[in-house]
$ cat upload-v7.txt   # compact mmCIF, C-alpha atoms and all ligand atoms
# COMPACT_ATOMS: atom_id res chain seq x y z
CA MET A 1 12.83 -3.93 12.36
CA ASN A 2 11.50 -1.02 10.36
CA ILE A 3 7.81 -0.63 9.49
CA LEU A 4 6.84 1.66 6.62
CA HIS A 5 3.33 2.86 7.55
CA ILE A 6 1.39 4.54 4.75
CA ASP A 7 -2.07 6.13 5.00
CA CYS A 8 -4.08 7.69 2.19
CA SER A 9 -7.52 8.62 3.51
CA PRO A 10 -8.50 12.29 3.69
CA ARG A 11 -10.96 11.46 6.51
CA PRO A 12 -9.69 11.95 10.07
CA GLU A 13 -12.10 9.26 11.37
CA SER A 14 -11.12 6.95 8.51
CA TYR A 15 -11.60 3.19 8.88
CA SER A 16 -8.55 2.35 6.76
CA ARG A 17 -6.45 4.55 9.07
CA GLN A 18 -7.84 2.83 12.18
CA LEU A 19 -7.17 -0.58 10.69
CA SER A 20 -3.63 0.21 9.52
CA ALA A 21 -2.86 1.66 12.97
CA ALA A 22 -4.18 -1.56 14.57
CA ILE A 23 -1.94 -3.67 12.30
CA VAL A 24 1.08 -1.55 13.21
CA GLN A 25 0.15 -2.00 16.89
CA LYS A 26 -0.04 -5.76 16.39
CA LEU A 27 3.43 -5.77 14.76
CA LEU A 28 4.83 -3.73 17.64
CA GLU A 29 3.49 -6.37 20.04
CA VAL A 30 5.46 -9.11 18.27
CA VAL A 31 8.53 -6.97 17.56
CA PRO A 32 8.76 -4.44 20.39
CA GLY A 33 11.06 -1.54 19.63
CA ALA A 34 10.49 -1.63 15.86
CA SER A 35 10.97 1.75 14.23
CA ILE A 36 8.25 3.34 12.12
CA SER A 37 8.68 5.37 8.93
CA ARG A 38 5.53 7.32 8.21
CA ARG A 39 3.94 8.55 4.99
CA ASP A 40 0.56 10.26 5.21
CA PHE A 41 -0.43 11.13 1.65
CA SER A 42 -3.44 13.13 2.79
CA ALA A 43 -1.51 15.35 5.20
CA ALA A 44 1.51 15.56 2.88
CA PRO A 45 0.54 14.61 -0.68
CA LEU A 46 3.22 13.81 -3.22
CA PRO A 47 3.28 15.82 -6.43
CA HIS A 48 2.04 14.14 -9.55
CA ALA A 49 4.74 13.05 -12.00
CA ALA A 50 6.64 16.21 -12.93
CA PRO A 51 7.67 17.07 -16.53
CA ASP A 52 11.36 16.23 -15.97
CA TYR A 53 10.47 12.93 -14.28
CA ALA A 54 8.07 11.90 -17.05
CA THR A 55 10.56 12.93 -19.73
CA THR A 56 13.35 10.94 -18.07
CA LEU A 57 11.13 7.87 -17.83
CA SER A 58 9.95 8.15 -21.43
CA SER A 59 12.61 5.91 -23.06
CA PRO A 60 15.63 3.73 -22.23
CA ALA A 61 17.87 6.47 -23.71
CA THR A 62 16.48 9.24 -21.47
CA LEU A 63 16.59 6.90 -18.46
CA ALA A 64 20.26 6.24 -19.14
CA ALA A 65 20.95 10.01 -18.97
CA PRO A 66 18.40 11.33 -16.46
CA LEU A 67 17.65 15.05 -16.32
CA ARG A 68 19.34 16.63 -13.33
CA GLY A 69 17.35 16.00 -10.13
CA ALA A 70 14.50 14.37 -12.03
CA LEU A 71 14.76 11.07 -10.13
CA ASP A 72 15.48 12.48 -6.67
CA LEU A 73 11.98 12.10 -5.19
CA SER A 74 11.56 8.65 -6.73
CA GLU A 75 14.91 7.62 -5.25
CA VAL A 76 13.95 8.80 -1.74
CA LEU A 77 10.64 6.89 -1.88
CA ILE A 78 12.20 3.71 -3.28
CA ARG A 79 14.87 3.77 -0.56
CA GLU A 80 12.09 3.99 2.05
CA VAL A 81 10.59 0.83 0.60
CA GLU A 82 14.00 -0.87 0.51
CA ALA A 83 14.65 0.08 4.15
CA ALA A 84 11.30 -1.36 5.27
CA ASP A 85 11.19 -4.88 6.69
CA VAL A 86 7.42 -4.77 6.44
CA ILE A 87 4.95 -2.32 4.89
CA VAL A 88 1.50 -1.42 6.24
CA ILE A 89 -0.88 0.49 3.97
CA GLY A 90 -4.26 2.01 4.77
CA THR A 91 -6.26 3.08 1.75
CA PRO A 92 -9.86 3.90 0.91
CA MET A 93 -11.48 2.67 -2.30
CA HIS A 94 -12.08 5.75 -4.44
CA ASN A 95 -14.03 5.15 -7.63
CA LEU A 96 -13.30 1.45 -7.65
CA THR A 97 -9.54 1.72 -7.14
CA VAL A 98 -6.83 3.50 -5.12
CA PRO A 99 -7.11 7.25 -4.41
CA SER A 100 -4.99 9.48 -6.63
CA VAL A 101 -2.68 10.45 -3.72
CA PHE A 102 -1.67 6.78 -3.51
CA LYS A 103 -1.31 6.49 -7.28
CA ALA A 104 1.18 9.38 -7.14
CA TRP A 105 3.39 7.19 -4.87
CA ILE A 106 3.03 4.18 -7.16
CA ASP A 107 4.13 6.37 -10.09
CA GLN A 108 7.35 7.16 -8.22
CA ILE A 109 8.26 3.67 -7.01
CA LEU A 110 7.72 1.72 -10.23
CA ARG A 111 10.79 2.67 -12.22
CA ALA A 112 12.34 0.68 -15.08
CA GLY A 113 15.91 -0.36 -14.38
CA ARG A 114 15.56 0.49 -10.69
CA THR A 115 12.64 -1.47 -9.21
CA PHE A 116 11.70 -3.61 -12.22
CA MET A 117 13.18 -4.84 -15.46
CA SER A 118 11.13 -4.72 -18.63
CA THR A 119 11.25 -8.10 -20.36
CA PRO A 120 9.37 -9.55 -23.35
CA VAL A 121 7.15 -11.43 -20.90
CA GLY A 122 6.45 -8.46 -18.65
CA LYS A 123 7.96 -6.63 -15.70
CA MET A 124 10.40 -8.50 -13.45
CA GLY A 125 10.75 -7.22 -9.89
CA MET A 126 14.15 -6.02 -8.68
CA LEU A 127 13.28 -5.54 -4.97
CA SER A 128 13.44 -8.39 -2.48
CA ASP A 129 10.09 -9.55 -1.22
CA ARG A 130 8.74 -8.56 2.21
CA PRO A 131 5.29 -8.65 3.82
CA VAL A 132 2.83 -5.93 2.84
CA PHE A 133 -0.40 -5.57 4.88
CA ILE A 134 -3.05 -3.62 2.99
CA CYS A 135 -6.15 -2.26 4.77
CA ILE A 136 -8.95 -1.20 2.43
CA ALA A 137 -12.11 0.68 3.43
CA SER A 138 -15.00 0.94 0.98
CA GLY A 139 -18.40 2.54 1.35
CA GLY A 140 -20.03 -0.27 -0.66
CA VAL A 141 -19.29 -3.95 -1.26
CA PHE A 142 -16.71 -5.08 -3.82
CA ALA A 143 -15.99 -8.70 -2.82
CA GLY A 144 -18.11 -11.71 -1.95
CA ASP A 145 -21.71 -12.65 -2.71
CA ARG A 146 -23.09 -9.18 -1.99
CA ALA A 147 -20.63 -7.35 -4.27
CA ASN A 148 -22.39 -4.70 -6.33
CA GLN A 149 -19.35 -3.13 -7.99
CA PRO A 150 -16.13 -4.30 -9.62
CA ASP A 151 -12.86 -4.33 -7.69
CA PHE A 152 -10.03 -2.65 -9.59
CA LEU A 153 -8.12 -1.99 -6.37
CA THR A 154 -7.05 -5.45 -5.12
CA PRO A 155 -5.91 -6.85 -8.50
CA TYR A 156 -4.29 -3.54 -9.42
CA LEU A 157 -2.24 -3.31 -6.22
CA SER A 158 -1.33 -7.00 -6.46
CA GLU A 159 -0.04 -6.42 -9.98
CA VAL A 160 1.93 -3.19 -9.37
CA LEU A 161 3.50 -4.32 -6.08
CA GLY A 162 4.19 -7.77 -7.52
CA SER A 163 5.87 -6.21 -10.54
CA ILE A 164 8.59 -4.70 -8.32
CA GLY A 165 9.04 -7.91 -6.31
CA LEU A 166 6.58 -7.42 -3.42
CA LYS A 167 4.53 -10.59 -3.57
CA THR A 168 3.71 -11.38 0.05
CA LEU A 169 0.53 -9.33 0.31
CA GLN A 170 -2.29 -9.62 2.84
CA PHE A 171 -5.48 -7.67 2.21
CA PHE A 172 -7.88 -6.58 4.95
CA PRO A 173 -11.07 -5.33 3.29
CA LEU A 174 -13.52 -3.39 5.47
CA GLN A 175 -16.59 -3.07 3.30
CA ALA A 176 -19.94 -1.25 3.41
CA THR A 177 -18.63 1.44 5.74
CA ALA A 178 -21.48 3.70 4.59
CA PHE A 179 -23.92 1.43 6.42
CA LEU A 180 -22.01 0.62 9.63
CA ASP A 181 -22.89 2.05 13.02
CA ARG A 182 -20.15 2.39 15.63
CA ASP A 183 -20.57 -1.13 17.11
CA GLN A 184 -20.75 -2.77 13.70
CA ALA A 185 -17.63 -0.89 12.61
CA THR A 186 -15.74 -2.01 15.72
CA SER A 187 -16.70 -5.61 15.19
CA ALA A 188 -15.91 -5.45 11.43
CA MET A 189 -12.47 -4.07 12.25
CA ASP A 190 -11.88 -6.77 14.90
CA ASN A 191 -12.93 -9.44 12.38
CA ALA A 192 -10.61 -8.03 9.71
CA LEU A 193 -7.72 -7.81 12.17
CA ALA A 194 -8.27 -11.41 13.31
CA THR A 195 -7.41 -12.65 9.81
CA ILE A 196 -3.81 -11.45 10.09
CA ASP A 197 -1.24 -14.15 9.34
CA LEU A 198 1.94 -13.27 11.21
CA THR A 199 3.82 -16.31 9.91
CA VAL A 200 4.66 -14.16 6.87
CA MET A 201 7.01 -12.19 9.13
CA ALA A 202 9.46 -14.99 8.35
CA LYS A 203 9.66 -13.31 4.92
CA ALA A 204 10.51 -9.87 6.34
CA ARG A 205 13.74 -8.29 5.08
CA ARG A 206 15.20 -9.22 8.46
CA PRO A 207 13.11 -12.34 9.14
CA VAL A 208 11.15 -12.58 12.38
CA THR A 209 9.73 -15.85 13.66
CA VAL A 210 6.51 -15.13 15.52
CA LYS A 211 5.92 -17.72 18.24
CA GLY A 212 2.42 -19.20 18.24
CA ALA A 213 1.51 -17.61 14.89
C1 LIG A 301 -14.07 10.37 -4.07
C2 LIG A 301 -14.64 9.13 -3.43
C3 LIG A 301 -14.90 8.03 -4.21
C4 LIG A 301 -15.43 6.88 -3.62
N1 LIG A 301 -15.63 5.78 -4.41
C5 LIG A 301 -16.09 4.64 -3.85
C6 LIG A 301 -16.25 3.47 -4.64
O1 LIG A 301 -15.95 3.42 -5.83
N2 LIG A 301 -16.72 2.36 -4.04
C7 LIG A 301 -17.05 2.33 -2.71
O2 LIG A 301 -17.46 1.28 -2.21
N3 LIG A 301 -16.91 3.43 -1.93
C8 LIG A 301 -16.43 4.58 -2.47
N4 LIG A 301 -16.25 5.70 -1.68
C9 LIG A 301 -16.54 5.60 -0.23
C10 LIG A 301 -15.29 5.28 0.58
O3 LIG A 301 -14.64 4.13 0.08
C11 LIG A 301 -15.66 5.03 2.04
O4 LIG A 301 -16.17 6.22 2.62
C12 LIG A 301 -14.48 4.53 2.85
O5 LIG A 301 -14.88 4.23 4.16
C13 LIG A 301 -13.37 5.57 2.86
O6 LIG A 301 -12.24 5.07 3.55
P1 LIG A 301 -11.86 5.65 4.97
O7 LIG A 301 -12.94 5.22 5.93
O8 LIG A 301 -10.55 5.05 5.28
O9 LIG A 301 -11.81 7.15 4.85
C14 LIG A 301 -15.73 6.85 -2.24
C15 LIG A 301 -15.46 7.99 -1.46
C16 LIG A 301 -14.93 9.11 -2.04
C17 LIG A 301 -14.63 10.32 -1.17

$ encode --input "upload-v7.txt" --output "structure tokens"
Amino acid sequence: MNILHIDCSPRPESYSRQLSAAIVQKLLEVVPGASISRRDFSAAPLPHAAPDYATTLSSPATLAAPLRGALDLSEVLIREVEAADVIVIGTPMHNLTVPSVFKAWIDQILRAGRTFMSTPVGKMGMLSDRPVFICIASGGVFAGDRANQPDFLTPYLSEVLGSIGLKTLQFFPLQATAFLDRDQATSAMDNALATIDLTVMAKARRPVTVKGA
């Protein structure tokens, strides 16, 4: 089994990093020996969409005759997703949605004719589904009774990942990090981790049945 592990936070002591690492650890417990592909968009950010890439994506005609090398990075990143049996993402909420380093990845993996088809009723995913575990850390509260800001992150990620065929998503929100002391943070992370549903591993690219899950 291959796990694609993505982190986006610029903070070394990041909660979303700690949570995504804990999820990966949990997966390694149920599938020992799984390999891990790593993308750290803070340590190694992707470039924003380059002129040749944007020009190639600008119409069906230009996509049919791509500029030389324009799709290379996109192809590498899409193949990483295709090779993953399961994907684990750690991301902060930045200004109500995903940080721009993560958006740069999204801009490379959503590609017409490659990961989705454009139809009159919207995008249709071309990738096979697989579990995606998404750990979100936010300084304030965006879900539940105490929410004091809108959430453009969860619905946005559900939509973009769903549009390429990734529909089995589990979100692990860790909220109000600005107000947590060390003990509260540990218990919030334990609580978030406890909500994991490993039965979805049956939907992995190479399905895994987790006993007792
Ligand atoms: C540029 C920036 C924008 C942020 N915007 C929000 C926001 O819109 N809502 C929120 O609740 N927290 C916001 N925060 C706080 C982070 O979500 C919070 O510190 C979170 O714990 C960061 O994730 P991490 O712990 O994985 O680094 C922002 C932080 C930064 C640096």

$ residues_near_ligand --input "upload-v7.txt" --ligand "ligand LIG 301 (chain A)" --cutoff "6 Å" --atoms "all atoms listed in the file" --output "PyMOL selection string"
chain A and resi 9+11+14-17+91-96+137-141+177

$ closest_atom_pairs --input "upload-v7.txt" --of "stretch 64-150 of chain A" --to "stretch 191-209 of chain A" --cutoff "7 Å" --atoms "all atoms listed in the file" --output "Markdown table"
| residue | atom | partner | partner_atom | distance |
| --- | --- | --- | --- | --- |
| A:Asp85 | CA | A:Arg205 | CA | 4.6 |
| A:Val86 | CA | A:Ala204 | CA | 6.0 |
| A:Arg130 | CA | A:Ala204 | CA | 4.7 |
| A:Pro131 | CA | A:Ala204 | CA | 5.9 |

$ closest_residue --input "upload-v7.txt" --among "A:Leu161, A:Val121, A:Ala65, A:Ala54" --to "A:Ile106" --atoms "only C-alpha atoms"
A:Leu161

$ closest_residue --input "upload-v7.txt" --among "A:Thr168, A:Ser163, A:Thr55, A:Thr97" --to "A:Thr119" --atoms "all atoms listed in the file"
A:Ser163

$ atom_distance --input "upload-v7.txt" --atom1 "atom CA of A:Gly33" --atom2 "atom CA of A:Val81"
19.2 Å

$ closest_residue --input "upload-v7.txt" --among "A:Leu57, A:Leu67, A:Leu153, A:Ala34" --to "A:Ile136" --atoms "only C-alpha atoms"
A:Leu153

$ closest_residue --input "upload-v7.txt" --among "A:Leu71, A:Met124, A:Leu46, A:Val101" --to "A:Val160" --atoms "all atoms listed in the file"
A:Met124

$ closest_residue --input "upload-v7.txt" --among "A:Phe171, A:Phe142, A:Tyr53, A:Phe133" --to "A:Pro66" --atoms "all atoms listed in the file"
A:Tyr53

$ build_atoms --input "upload-v7.txt" --residues "stretch 18-52 of chain A" --atoms "N, CA and C atoms" --output "compact mmCIF listing (two decimals), in the frame of the given file"
# COMPACT_ATOMS: atom_id res chain seq x y z
N GLN A 18 -7.71 3.56 10.90
CA GLN A 18 -7.84 2.83 12.18
C GLN A 18 -7.29 1.41 12.04
N LEU A 19 -7.60 0.79 10.90
CA LEU A 19 -7.17 -0.58 10.69
C LEU A 19 -5.65 -0.67 10.49
N SER A 20 -5.09 0.26 9.72
CA SER A 20 -3.63 0.21 9.52
C SER A 20 -2.90 0.48 10.84
N ALA A 21 -3.47 1.38 11.66
CA ALA A 21 -2.86 1.66 12.97
C ALA A 21 -2.93 0.40 13.85
N ALA A 22 -4.04 -0.33 13.76
CA ALA A 22 -4.18 -1.56 14.57
C ALA A 22 -3.19 -2.63 14.11
N ILE A 23 -2.94 -2.70 12.81
CA ILE A 23 -1.94 -3.67 12.30
C ILE A 23 -0.55 -3.29 12.81
N VAL A 24 -0.23 -2.00 12.72
CA VAL A 24 1.08 -1.55 13.21
C VAL A 24 1.22 -1.90 14.70
N GLN A 25 0.14 -1.69 15.47
CA GLN A 25 0.15 -2.00 16.89
C GLN A 25 0.43 -3.49 17.11
N LYS A 26 -0.21 -4.31 16.29
CA LYS A 26 -0.04 -5.76 16.39
C LYS A 26 1.43 -6.14 16.10
N LEU A 27 2.02 -5.48 15.10
CA LEU A 27 3.43 -5.77 14.76
C LEU A 27 4.35 -5.33 15.90
N LEU A 28 4.00 -4.20 16.53
CA LEU A 28 4.83 -3.73 17.64
C LEU A 28 4.75 -4.69 18.83
N GLU A 29 3.61 -5.38 18.95
CA GLU A 29 3.49 -6.37 20.04
C GLU A 29 4.43 -7.55 19.81
N VAL A 30 4.59 -7.95 18.53
CA VAL A 30 5.46 -9.11 18.27
C VAL A 30 6.92 -8.70 18.07
N VAL A 31 7.14 -7.46 17.68
CA VAL A 31 8.53 -6.97 17.56
C VAL A 31 8.63 -5.63 18.30
N PRO A 32 8.70 -5.68 19.64
CA PRO A 32 8.76 -4.44 20.39
C PRO A 32 10.02 -3.65 20.00
N GLY A 33 9.89 -2.37 19.95
CA GLY A 33 11.06 -1.54 19.63
C GLY A 33 11.26 -1.33 18.15
N ALA A 34 10.37 -1.87 17.32
CA ALA A 34 10.49 -1.63 15.86
C ALA A 34 10.35 -0.14 15.59
N SER A 35 11.09 0.33 14.59
CA SER A 35 10.97 1.75 14.23
C SER A 35 9.91 1.90 13.15
N ILE A 36 9.34 3.11 13.09
CA ILE A 36 8.25 3.34 12.12
C ILE A 36 8.60 4.52 11.22
N SER A 37 8.58 4.28 9.91
CA SER A 37 8.68 5.37 8.93
C SER A 37 7.26 5.68 8.49
N ARG A 38 6.93 6.95 8.43
CA ARG A 38 5.53 7.32 8.21
C ARG A 38 5.37 8.11 6.91
N ARG A 39 4.36 7.74 6.14
CA ARG A 39 3.94 8.55 4.99
C ARG A 39 2.43 8.72 5.08
N ASP A 40 1.99 9.96 5.19
CA ASP A 40 0.56 10.26 5.21
C ASP A 40 0.27 11.10 3.96
N PHE A 41 -0.28 10.46 2.94
CA PHE A 41 -0.43 11.13 1.65
C PHE A 41 -1.62 12.09 1.62
N SER A 42 -2.40 12.10 2.70
CA SER A 42 -3.44 13.13 2.79
C SER A 42 -2.84 14.39 3.41
N ALA A 43 -2.12 14.20 4.52
CA ALA A 43 -1.51 15.35 5.20
C ALA A 43 -0.37 15.94 4.36
N ALA A 44 0.37 15.10 3.67
CA ALA A 44 1.51 15.56 2.88
C ALA A 44 1.51 14.85 1.53
N PRO A 45 0.64 15.30 0.62
CA PRO A 45 0.54 14.61 -0.68
C PRO A 45 1.80 14.76 -1.51
N LEU A 46 2.10 13.73 -2.28
CA LEU A 46 3.22 13.81 -3.22
C LEU A 46 2.76 14.56 -4.46
N PRO A 47 3.68 15.21 -5.16
CA PRO A 47 3.28 15.82 -6.43
C PRO A 47 3.02 14.74 -7.47
N HIS A 48 2.19 15.05 -8.42
CA HIS A 48 2.04 14.14 -9.55
C HIS A 48 3.32 14.16 -10.37
N ALA A 49 3.51 13.15 -11.22
CA ALA A 49 4.74 13.05 -12.00
C ALA A 49 5.06 14.38 -12.70
N ALA A 50 6.24 14.90 -12.40
CA ALA A 50 6.64 16.21 -12.93
C ALA A 50 7.16 16.06 -14.37
N PRO A 51 7.21 17.16 -15.15
CA PRO A 51 7.67 17.07 -16.53
C PRO A 51 9.05 16.41 -16.67
N ASP A 52 10.02 16.80 -15.85
CA ASP A 52 11.36 16.23 -15.97
C ASP A 52 11.38 14.73 -15.65
